[in-house]
>>> print(open('query_6.cif').read())   # mmCIF, C-alpha atoms; chains and numbers go by the auth columns
data_target
#
loop_
_atom_site.group_PDB
_atom_site.id
_atom_site.type_symbol
_atom_site.label_atom_id
_atom_site.label_comp_id
_atom_site.label_asym_id
_atom_site.label_seq_id
_atom_site.Cartn_x
_atom_site.Cartn_y
_atom_site.Cartn_z
_atom_site.B_iso_or_equiv
_atom_site.auth_seq_id
_atom_site.auth_asym_id
ATOM 1 C CA MET A 1 -18.667 -15.244 -1.915 0.00 13 F
ATOM 2 C CA ALA A 2 -21.466 -14.029 0.317 0.00 14 F
ATOM 3 C CA ALA A 3 -22.704 -10.529 -0.446 0.00 15 F
ATOM 4 C CA PRO A 4 -21.661 -7.919 2.126 0.00 16 F
ATOM 5 C CA GLY A 5 -24.220 -5.268 3.045 0.00 17 F
ATOM 6 C CA THR A 6 -23.970 -2.191 0.892 0.00 18 F
ATOM 7 C CA GLU A 7 -23.858 0.094 3.920 0.00 19 F
ATOM 8 C CA ALA A 8 -21.012 -1.884 5.464 0.00 20 F
ATOM 9 C CA SER A 9 -19.181 -1.936 2.151 0.00 21 F
ATOM 10 C CA VAL A 10 -19.441 1.812 1.755 0.00 22 F
ATOM 11 C CA SER A 11 -18.359 2.531 5.338 0.00 23 F
ATOM 12 C CA ALA A 12 -15.337 0.301 4.821 0.00 24 F
ATOM 13 C CA ALA A 13 -14.524 1.674 1.408 0.00 25 F
ATOM 14 C CA SER A 14 -11.751 3.849 2.779 0.00 26 F
ATOM 15 C CA THR A 15 -9.543 0.765 2.711 0.00 27 F
ATOM 16 C CA PHE A 16 -10.858 -0.625 -0.559 0.00 28 F
ATOM 17 C CA ALA A 17 -8.350 1.303 -2.669 0.00 29 F
ATOM 18 C CA GLN A 18 -5.454 -0.136 -0.675 0.00 30 F
ATOM 19 C CA SER A 19 -6.867 -3.636 -0.757 0.00 31 F
ATOM 20 C CA SER A 20 -7.213 -3.384 -4.537 0.00 32 F
ATOM 21 C CA ALA A 21 -3.554 -2.608 -5.117 0.00 33 F
ATOM 22 C CA PRO A 22 -1.738 -5.032 -7.440 0.00 34 F
ATOM 23 C CA ALA A 23 -0.094 -7.910 -5.627 0.00 35 F
ATOM 24 C CA THR A 24 3.232 -6.960 -7.175 0.00 36 F
ATOM 25 C CA ALA A 25 3.084 -3.256 -6.299 0.00 37 F
ATOM 26 C CA PRO A 26 6.494 -1.745 -5.478 0.00 38 F
ATOM 27 C CA PRO A 27 7.311 -0.497 -1.983 0.00 39 F
ATOM 28 C CA ALA A 28 5.887 2.902 -1.076 0.00 40 F
ATOM 29 C CA ARG A 29 7.867 5.950 -2.102 0.00 41 F
ATOM 30 C CA ALA A 30 9.636 8.180 0.381 0.00 42 F
ATOM 31 C CA THR A 31 7.360 10.331 2.483 0.00 43 F
ATOM 32 C CA VAL A 32 7.889 13.508 4.435 0.00 44 F
ATOM 33 C CA PRO A 33 8.246 12.903 8.202 0.00 45 F
ATOM 34 C CA THR A 34 5.673 14.454 10.509 0.00 46 F
ATOM 35 C CA THR A 35 7.929 15.529 13.369 0.00 47 F
ATOM 36 C CA GLY A 36 10.900 17.780 14.021 0.00 48 F
ATOM 37 C CA SER A 37 12.020 19.755 10.972 0.00 49 F
ATOM 38 C CA SER A 38 9.256 18.305 8.831 0.00 50 F
ATOM 39 C CA THR A 39 7.109 21.441 9.165 0.00 51 F
ATOM 40 C CA LEU A 40 9.654 23.429 7.182 0.00 52 F
ATOM 41 C CA ARG A 41 10.040 20.578 4.686 0.00 53 F
ATOM 42 C CA ARG A 42 6.317 20.442 4.105 0.00 54 F
ATOM 43 C CA ASP A 43 6.101 24.235 3.834 0.00 55 F
ATOM 44 C CA ILE A 44 8.866 24.139 1.225 0.00 56 F
ATOM 45 C CA LEU A 45 7.065 21.491 -0.808 0.00 57 F
ATOM 46 C CA ILE A 46 3.772 23.369 -0.672 0.00 58 F
ATOM 47 C CA GLU A 47 5.400 26.643 -1.716 0.00 59 F
ATOM 48 C CA LEU A 48 7.227 24.961 -4.603 0.00 60 F
ATOM 49 C CA ARG A 49 3.996 23.313 -5.717 0.00 61 F
ATOM 50 C CA ARG A 50 2.215 26.662 -5.697 0.00 62 F
ATOM 51 C CA SER A 51 4.928 28.880 -7.147 0.00 63 F
ATOM 52 C CA GLY A 52 7.052 26.569 -9.287 0.00 64 F
ATOM 53 C CA ALA A 53 10.837 26.654 -9.524 0.00 65 F
ATOM 54 C CA THR A 54 12.171 28.932 -6.794 0.00 66 F
ATOM 55 C CA SER A 55 15.547 29.883 -5.368 0.00 67 F
ATOM 56 C CA PRO A 56 16.515 29.084 -1.766 0.00 68 F
ATOM 57 C CA GLU A 57 16.710 32.818 -1.061 0.00 69 F
ATOM 58 C CA GLN A 58 13.152 33.419 -2.222 0.00 70 F
ATOM 59 C CA LEU A 59 11.899 30.404 -0.292 0.00 71 F
ATOM 60 C CA ALA A 60 13.580 31.662 2.864 0.00 72 F
ATOM 61 C CA THR A 61 11.985 35.093 2.444 0.00 73 F
ATOM 62 C CA THR A 62 8.533 33.718 1.705 0.00 74 F
ATOM 63 C CA LEU A 63 8.568 31.185 4.546 0.00 75 F
ATOM 64 C CA GLY A 64 10.300 33.414 7.083 0.00 76 F
ATOM 65 C CA ALA A 65 13.101 30.902 7.556 0.00 77 F
ATOM 66 C CA SER A 66 16.874 31.088 7.344 0.00 78 F
ATOM 67 C CA ARG A 67 18.561 30.402 4.027 0.00 79 F
ATOM 68 C CA THR A 68 20.781 27.819 5.732 0.00 80 F
ATOM 69 C CA GLY A 69 17.782 25.994 7.142 0.00 81 F
ATOM 70 C CA VAL A 70 15.983 26.050 3.796 0.00 82 F
ATOM 71 C CA LEU A 71 19.063 24.722 1.986 0.00 83 F
ATOM 72 C CA GLN A 72 19.440 21.933 4.506 0.00 84 F
ATOM 73 C CA GLN A 73 15.860 20.807 3.964 0.00 85 F
ATOM 74 C CA LEU A 74 16.102 21.172 0.184 0.00 86 F
ATOM 75 C CA ARG A 75 19.111 18.846 0.154 0.00 87 F
ATOM 76 C CA SER A 76 17.215 16.337 2.274 0.00 88 F
ATOM 77 C CA LEU A 77 14.202 16.520 -0.027 0.00 89 F
ATOM 78 C CA GLN A 78 16.441 16.197 -3.061 0.00 90 F
ATOM 79 C CA GLY A 79 18.053 13.102 -1.583 0.00 91 F
ATOM 80 C CA ALA A 80 14.580 11.617 -1.095 0.00 92 F
ATOM 81 C CA GLY A 81 13.715 12.285 -4.733 0.00 93 F
ATOM 82 C CA LEU A 82 10.966 14.785 -3.864 0.00 94 F
ATOM 83 C CA VAL A 83 12.780 17.888 -5.156 0.00 95 F
ATOM 84 C CA ASP A 84 15.188 18.485 -8.019 0.00 96 F
ATOM 85 C CA ARG A 85 17.521 21.359 -8.849 0.00 97 F
ATOM 86 C CA ARG A 86 18.406 23.159 -12.051 0.00 98 F
ATOM 87 C CA THR A 87 20.975 25.849 -12.745 0.00 99 F
ATOM 88 C CA VAL A 88 20.024 29.112 -14.479 0.00 100 F
ATOM 89 C CA ARG A 89 22.618 31.544 -15.764 0.00 101 F
ATOM 90 C CA HIS A 90 21.719 35.224 -16.002 0.00 102 F
ATOM 91 C CA GLY A 91 24.464 37.452 -17.264 0.00 103 F
ATOM 92 C CA VAL A 92 27.673 37.973 -15.354 0.00 104 F
ATOM 93 C CA GLY A 93 28.081 36.406 -11.961 0.00 105 F
ATOM 94 C CA ARG A 94 27.328 33.149 -10.274 0.00 106 F
ATOM 95 C CA PRO A 95 24.481 31.041 -11.695 0.00 107 F
ATOM 96 C CA ARG A 96 21.248 30.700 -9.727 0.00 108 F
ATOM 97 C CA HIS A 97 20.001 27.381 -8.427 0.00 109 F
ATOM 98 C CA LEU A 98 16.264 26.863 -8.674 0.00 110 F
ATOM 99 C CA TYR A 99 14.421 24.046 -6.940 0.00 111 F
ATOM 100 C CA ASP A 100 11.129 22.437 -7.874 0.00 112 F
ATOM 101 C CA VAL A 101 9.074 19.443 -6.834 0.00 113 F
ATOM 102 C CA THR A 102 9.316 16.135 -8.692 0.00 114 F
ATOM 103 C CA PRO A 103 6.357 13.889 -9.589 0.00 115 F
ATOM 104 C CA ASP A 104 7.250 11.713 -6.568 0.00 116 F
ATOM 105 C CA ALA A 105 6.421 14.638 -4.268 0.00 117 F
ATOM 106 C CA GLN A 106 2.746 13.894 -4.778 0.00 118 F
ATOM 107 C CA VAL A 107 2.962 11.509 -1.801 0.00 119 F
ATOM 108 C CA ALA A 108 3.453 14.524 0.470 0.00 120 F
ATOM 109 C CA PHE A 109 0.274 16.315 -0.603 0.00 121 F
ATOM 110 C CA PRO A 110 -3.319 15.654 0.423 0.00 122 F
ATOM 111 C CA SER A 111 -5.285 13.059 -1.544 0.00 123 F
ATOM 112 C CA ASN A 112 -8.869 11.881 -1.509 0.00 124 F
ATOM 113 C CA TYR A 113 -8.531 8.182 -2.321 0.00 125 F
ATOM 114 C CA ASP A 114 -10.819 7.324 0.584 0.00 126 F
ATOM 115 C CA GLY A 115 -13.542 9.554 -0.800 0.00 127 F
ATOM 116 C CA LEU A 116 -13.097 8.133 -4.278 0.00 128 F
ATOM 117 C CA ALA A 117 -13.294 4.555 -2.999 0.00 129 F
ATOM 118 C CA ALA A 118 -16.380 5.333 -0.915 0.00 130 F
ATOM 119 C CA GLY A 119 -18.057 6.968 -3.875 0.00 131 F
ATOM 120 C CA LEU A 120 -17.259 4.071 -6.180 0.00 132 F
ATOM 121 C CA MET A 121 -18.568 1.487 -3.725 0.00 133 F
ATOM 122 C CA ALA A 122 -21.732 3.514 -3.163 0.00 134 F
ATOM 123 C CA ALA A 123 -22.242 3.783 -6.925 0.00 135 F
ATOM 124 C CA ILE A 124 -21.738 0.041 -7.392 0.00 136 F
ATOM 125 C CA GLY A 125 -24.309 -0.633 -4.699 0.00 137 F
ATOM 126 C CA MET A 126 -26.789 1.765 -6.316 0.00 138 F
ATOM 127 C CA VAL A 127 -26.373 0.162 -9.728 0.00 139 F
ATOM 128 C CA GLY A 128 -26.498 -3.509 -8.736 0.00 140 F
ATOM 129 C CA GLY A 129 -27.136 -3.780 -5.015 0.00 141 F
ATOM 130 C CA ASP A 130 -25.395 -6.240 -2.716 0.00 142 F
ATOM 131 C CA ASP A 131 -25.005 -8.868 -5.433 0.00 143 F
ATOM 132 C CA LEU A 132 -22.927 -6.568 -7.618 0.00 144 F
ATOM 133 C CA VAL A 133 -20.806 -5.487 -4.639 0.00 145 F
ATOM 134 C CA ALA A 134 -20.093 -9.168 -3.979 0.00 146 F
ATOM 135 C CA GLU A 135 -19.215 -9.733 -7.629 0.00 147 F
ATOM 136 C CA VAL A 136 -16.712 -6.869 -7.488 0.00 148 F
ATOM 137 C CA PHE A 137 -14.916 -8.405 -4.512 0.00 149 F
ATOM 138 C CA ASP A 138 -14.931 -11.800 -6.200 0.00 150 F
ATOM 139 C CA ALA A 139 -13.514 -10.320 -9.403 0.00 151 F
ATOM 140 C CA ARG A 140 -10.773 -8.661 -7.391 0.00 152 F
ATOM 141 C CA ARG A 141 -9.932 -11.998 -5.752 0.00 153 F
ATOM 142 C CA ARG A 142 -9.518 -13.646 -9.151 0.00 154 F
ATOM 143 C CA LEU A 143 -7.405 -10.776 -10.425 0.00 155 F
ATOM 144 C CA VAL A 144 -5.074 -10.813 -7.423 0.00 156 F
ATOM 145 C CA ALA A 145 -4.813 -14.611 -7.566 0.00 157 F
ATOM 146 C CA GLN A 146 -3.550 -14.433 -11.130 0.00 158 F
ATOM 147 C CA GLN A 147 -1.027 -11.733 -10.217 0.00 159 F
ATOM 148 C CA MET A 148 0.258 -13.807 -7.315 0.00 160 F
ATOM 149 C CA LYS A 149 0.546 -16.948 -9.429 0.00 161 F
ATOM 150 C CA ASP A 150 2.505 -15.028 -12.046 0.00 162 F
ATOM 151 C CA ARG A 151 4.813 -13.714 -9.328 0.00 163 F
ATOM 152 C CA LEU A 152 5.435 -17.194 -7.947 0.00 164 F
ATOM 153 C CA ARG A 153 6.187 -18.522 -11.425 0.00 165 F
ATOM 154 C CA GLU A 154 8.713 -15.730 -11.958 0.00 166 F
ATOM 155 C CA ARG A 155 10.467 -16.207 -8.622 0.00 167 F
ATOM 156 C CA LEU A 156 10.334 -19.952 -8.059 0.00 168 F
ATOM 157 C CA PRO A 157 11.232 -22.990 -10.141 0.00 169 F
ATOM 158 C CA ASP A 158 8.567 -25.412 -11.308 0.00 170 F
ATOM 159 C CA GLY A 159 7.577 -27.804 -8.557 0.00 171 F
ATOM 160 C CA ALA A 160 8.958 -25.580 -5.779 0.00 172 F
ATOM 161 C CA PRO A 161 8.270 -26.985 -2.304 0.00 173 F
ATOM 162 C CA LEU A 162 5.218 -25.693 -0.461 0.00 174 F
ATOM 163 C CA VAL A 163 7.380 -23.963 2.147 0.00 175 F
ATOM 164 C CA ASP A 164 9.084 -21.908 -0.561 0.00 176 F
ATOM 165 C CA ARG A 165 5.722 -20.940 -2.057 0.00 177 F
ATOM 166 C CA VAL A 166 4.484 -19.824 1.361 0.00 178 F
ATOM 167 C CA ARG A 167 7.623 -17.779 1.935 0.00 179 F
ATOM 168 C CA GLU A 168 7.144 -15.984 -1.377 0.00 180 F
ATOM 169 C CA LEU A 169 3.480 -15.391 -0.586 0.00 181 F
ATOM 170 C CA ALA A 170 4.553 -13.873 2.735 0.00 182 F
ATOM 171 C CA VAL A 171 6.848 -11.476 0.867 0.00 183 F
ATOM 172 C CA ILE A 172 3.981 -10.430 -1.419 0.00 184 F
ATOM 173 C CA GLN A 173 1.628 -9.842 1.493 0.00 185 F
ATOM 174 C CA ASP A 174 4.289 -7.978 3.446 0.00 186 F
ATOM 175 C CA GLU A 175 4.722 -5.603 0.509 0.00 187 F
ATOM 176 C CA GLN A 176 1.010 -4.852 0.774 0.00 188 F
ATOM 177 C CA GLY A 177 1.283 -3.825 4.422 0.00 189 F
ATOM 178 C CA TYR A 178 0.206 -7.024 6.205 0.00 190 F
ATOM 179 C CA LEU A 179 3.458 -7.420 8.225 0.00 191 F
ATOM 180 C CA SER A 180 3.510 -10.960 6.972 0.00 192 F
ATOM 181 C CA THR A 181 6.006 -13.758 7.640 0.00 193 F
ATOM 182 C CA ALA A 182 6.230 -17.476 6.980 0.00 194 F
ATOM 183 C CA VAL A 183 6.747 -19.447 10.184 0.00 195 F
ATOM 184 C CA ILE A 184 7.991 -23.029 10.219 0.00 196 F
ATOM 185 C CA GLY A 185 7.321 -24.809 13.507 0.00 197 F
ATOM 186 C CA THR A 186 9.676 -27.308 15.107 0.00 198 F
ATOM 187 C CA ASP A 187 7.156 -29.956 14.081 0.00 199 F
ATOM 188 C CA GLY A 188 7.468 -28.856 10.456 0.00 200 F
ATOM 189 C CA VAL A 189 4.033 -27.196 10.366 0.00 201 F
ATOM 190 C CA ILE A 190 3.969 -24.238 7.978 0.00 202 F
ATOM 191 C CA ARG A 191 2.102 -21.102 8.974 0.00 203 F
ATOM 192 C CA LEU A 192 1.553 -17.732 7.352 0.00 204 F
ATOM 193 C CA GLN A 193 1.314 -15.023 10.010 0.00 205 F
ATOM 194 C CA GLN A 194 -0.029 -11.535 9.292 0.00 206 F
ATOM 195 C CA CYS A 195 0.390 -9.088 12.173 0.00 207 F
ATOM 196 C CA ASN A 196 -1.543 -6.296 10.468 0.00 208 F
ATOM 197 C CA CYS A 197 -4.837 -6.258 8.601 0.00 209 F
ATOM 198 C CA ALA A 198 -4.465 -3.854 5.688 0.00 210 F
ATOM 199 C CA ILE A 199 -8.229 -4.029 5.012 0.00 211 F
ATOM 200 C CA TYR A 200 -9.372 -3.876 8.629 0.00 212 F
ATOM 201 C CA GLY A 201 -12.283 -1.523 7.924 0.00 213 F
ATOM 202 C CA ILE A 202 -13.787 -3.987 5.464 0.00 214 F
ATOM 203 C CA ALA A 203 -12.879 -7.099 7.447 0.00 215 F
ATOM 204 C CA SER A 204 -14.487 -5.772 10.623 0.00 216 F
ATOM 205 C CA ALA A 205 -17.716 -4.935 8.772 0.00 217 F
ATOM 206 C CA SER A 206 -18.120 -8.151 6.803 0.00 218 F
ATOM 207 C CA SER A 207 -16.702 -11.670 6.803 0.00 219 F
ATOM 208 C CA SER A 208 -16.675 -11.804 2.996 0.00 220 F
ATOM 209 C CA PRO A 209 -13.201 -10.271 2.448 0.00 221 F
ATOM 210 C CA CYS A 210 -11.622 -12.660 4.955 0.00 222 F
ATOM 211 C CA GLU A 211 -13.306 -15.671 3.400 0.00 223 F
ATOM 212 C CA ALA A 212 -12.100 -14.458 0.022 0.00 224 F
ATOM 213 C CA GLU A 213 -8.562 -14.176 1.395 0.00 225 F
ATOM 214 C CA LEU A 214 -8.746 -17.743 2.662 0.00 226 F
ATOM 215 C CA ALA A 215 -9.835 -18.943 -0.788 0.00 227 F
ATOM 216 C CA LEU A 216 -7.158 -16.774 -2.393 0.00 228 F
ATOM 217 C CA PHE A 217 -4.325 -18.352 -0.424 0.00 229 F
ATOM 218 C CA SER A 218 -5.604 -21.855 -1.071 0.00 230 F
ATOM 219 C CA ASP A 219 -5.901 -21.163 -4.798 0.00 231 F
ATOM 220 C CA VAL A 220 -2.486 -19.530 -5.144 0.00 232 F
ATOM 221 C CA LEU A 221 -0.627 -22.148 -3.109 0.00 233 F
ATOM 222 C CA GLY A 222 -2.583 -25.175 -4.291 0.00 234 F
ATOM 223 C CA ALA A 223 -2.745 -26.163 -0.634 0.00 235 F
ATOM 224 C CA GLU A 224 -5.075 -26.667 2.289 0.00 236 F
ATOM 225 C CA VAL A 225 -5.321 -23.443 4.295 0.00 237 F
ATOM 226 C CA VAL A 226 -6.933 -23.205 7.731 0.00 238 F
ATOM 227 C CA ARG A 227 -7.268 -19.934 9.648 0.00 239 F
ATOM 228 C CA GLU A 228 -6.178 -20.296 13.286 0.00 240 F
ATOM 229 C CA SER A 229 -6.419 -16.674 14.477 0.00 241 F
ATOM 230 C CA HIS A 230 -8.163 -13.589 13.179 0.00 242 F
ATOM 231 C CA ILE A 231 -7.431 -9.893 13.780 0.00 243 F
ATOM 232 C CA ALA A 232 -11.011 -8.877 12.996 0.00 244 F
ATOM 233 C CA SER A 233 -12.141 -11.228 15.779 0.00 245 F
ATOM 234 C CA GLY A 234 -9.823 -9.645 18.330 0.00 246 F
ATOM 235 C CA ASP A 235 -6.649 -11.710 17.889 0.00 247 F
ATOM 236 C CA ARG A 236 -3.207 -10.147 17.550 0.00 248 F
ATOM 237 C CA SER A 237 -2.632 -11.656 14.124 0.00 249 F
ATOM 238 C CA CYS A 238 -4.233 -13.542 11.292 0.00 250 F
ATOM 239 C CA THR A 239 -2.515 -16.925 11.267 0.00 251 F
ATOM 240 C CA TYR A 240 -3.018 -19.605 8.662 0.00 252 F
ATOM 241 C CA ARG A 241 -1.925 -23.234 8.955 0.00 253 F
ATOM 242 C CA ILE A 242 -0.901 -24.441 5.510 0.00 254 F
ATOM 243 C CA SER A 243 -0.421 -28.030 4.380 0.00 255 F
ATOM 244 C CA GLU A 244 -0.397 -30.107 1.246 0.00 256 F
ATOM 245 C CA PRO A 245 -3.924 -30.953 0.060 0.00 257 F
ATOM 246 C CA ALA A 246 -5.325 -34.230 1.322 0.00 258 F
ATOM 247 C CA GLU A 247 -5.163 -37.032 -1.182 0.00 259 F
ATOM 248 C CA ALA A 248 -8.497 -37.913 -2.783 0.00 260 F
#
>>> encode(input="query_6.cif", output="structure tokens")
Amino acid sequence: MAAPGTEASVSAASTFAQSSAPATAPPARATVPTTGSSTLRRDILIELRRSGATSPEQLATTLGASRTGVLQQLRSLQGAGLVDRRTVRHGVGRPRHLYDVTPDAQVAFPSNYDGLAAGLMAAIGMVGGDDLVAEVFDARRRLVAQQMKDRLRERLPDGAPLVDRVRELAVIQDEQGYLSTAVIGTDGVIRLQQCNCAIYGIASASSSPCEAELALFSDVLGAEVVRESHIASGDRSCTYRISEPAEA
């Protein structure tokens, strides 16, 4: 794999963490919407993160919101798995309900994965230059290829037709954010279409990731793969024509 420039690699590193995700990663967890009532939801999550288990009444007082509105959002957050509730008894009278964030609520808080990825790529470049950066991308390609092959073996019978292998590959890529589908033409031609580039920052800075993807698909499918369109070149999708390998 040709070595991408260190500067380009670092500038594109904001997408490196996503592109390095395991091929069998589960779908993303629930997230907090960014419109409508989401401001109160986010305020509730932040306050719970800061203060710990808190009653709806205390949340309403702290946030300057109505108890009814807070309860409504707490129930929504609980349904999404971002908040849980526990009951505390204190003497005579009705028990108190306290709410707190769950580990899954981390998706709603700021993170610095982009900064971490950029720092790691810069460090790799400093240690070994462009050659080491290229080796890292190549190692990732081999790792992902093995994960994909394992997935295909788990989901498909031995000797599964090429079209079935492509369909399963499309599912894997779709899970990684590529908006991927397998398309079978009326002439029987099999294509893998990806309407989103999940590593666009890297792909637009260097051709190496896209060439690695081409080799990855060919390796995983045991097929001949030809790219027909390319998002990084201005097309609406990355489309690959896939066929059985030519006989020697």
>>> closest_residue(input="query_6.cif", among="F:Leu168, F:Ala215, F:Ile202, F:Cys207", to="Ile254 in chain F", atoms="all atoms listed in the file")
F:Ile202
>>> residues_around(input="query_6.cif", residues="Ser230 in chain F", least_positions_apart="2", cutoff="12 Å", atoms="all atoms listed in the file", output="compact mmCIF listing (two decimals) with C-alpha atoms, in the frame of the given file")
# COMPACT_ATOMS: atom_id res chain seq x y z
CA ARG F 153 -9.93 -12.00 -5.75
CA ALA F 157 -4.81 -14.61 -7.57
CA MET F 160 0.26 -13.81 -7.32
CA LYS F 161 0.55 -16.95 -9.43
CA LEU F 174 5.22 -25.69 -0.46
CA ARG F 177 5.72 -20.94 -2.06
CA VAL F 178 4.48 -19.82 1.36
CA LEU F 181 3.48 -15.39 -0.59
CA LEU F 204 1.55 -17.73 7.35
CA GLU F 223 -13.31 -15.67 3.40
CA ALA F 224 -12.10 -14.46 0.02
CA GLU F 225 -8.56 -14.18 1.40
CA LEU F 226 -8.75 -17.74 2.66
CA ALA F 227 -9.84 -18.94 -0.79
CA LEU F 228 -7.16 -16.77 -2.39
CA VAL F 232 -2.49 -19.53 -5.14
CA LEU F 233 -0.63 -22.15 -3.11
CA GLY F 234 -2.58 -25.18 -4.29
CA ALA F 235 -2.74 -26.16 -0.63
CA GLU F 236 -5.08 -26.67 2.29
CA VAL F 237 -5.32 -23.44 4.30
CA VAL F 238 -6.93 -23.20 7.73
CA ARG F 239 -7.27 -19.93 9.65
CA TYR F 252 -3.02 -19.60 8.66
CA ARG F 253 -1.92 -23.23 8.96
CA ILE F 254 -0.90 -24.44 5.51
CA SER F 255 -0.42 -28.03 4.38
CA GLU F 256 -0.40 -30.11 1.25
CA PRO F 257 -3.92 -30.95 0.06
>>> axis_aligned_box(input="query_6.cif", around="range 79-86 of chain F", padding_each_side="8 Å", output="JSON")
{"center_x": 18.3, "center_y": 25.6, "center_z": 3.7, "size_x": 20.9, "size_y": 25.6, "size_z": 23.0}
>>> closest_residue(input="query_6.cif", among="F:Asn208, F:Ser88, F:Thr251, F:Ser123", to="Ala194 in chain F", atoms="only C-alpha atoms")
F:Thr251
>>> resolve_selection(input="query_6.cif", expression="the PyMOL selection byres ((chain F and resi 82) around 8)", output="PyMOL selection string")
chain F and resi 52+56+68+71-72+77-81+83-86
>>> resolve_selection(input="query_6.cif", expression="the PyMOL selection byres ((chain F and resi 58) around 12)", output="ChimeraX atom specification")
/F:44,51-57,59-66,71,74-75,94-95,112-113,117-122
>>> closest_residue(input="query_6.cif", among="F:Ser241, F:Thr73, F:Thr193, F:Ser50", to="Arg179 in chain F", atoms="only C-alpha atoms")
F:Thr193
>>> atom_distance(input="query_6.cif", atom1="CA of Thr99 in chain F", atom2="CA of Gly76 in chain F")
23.8 Å
>>> closest_residue(input="query_6.cif", among="F:Val139, F:Ala172, F:Leu164, F:Ala244", to="Cys222 in chain F", atoms="all atoms listed in the file")
F:Ala244
>>> closest_residue(input="query_6.cif", among="F:Ala182, F:Gly141, F:Gln159, F:Tyr111", to="Leu89 in chain F", atoms="all atoms listed in the file")
F:Tyr111
>>> closest_residue(input="query_6.cif", among="F:Asp231, F:Pro107, F:Asp247, F:Pro221", to="Val145 in chain F", atoms="only C-alpha atoms")
F:Pro221
>>> atom_distance(input="query_6.cif", atom1="CA of Glu147 in chain F", atom2="CA of Ser220 in chain F")
11.1 Å
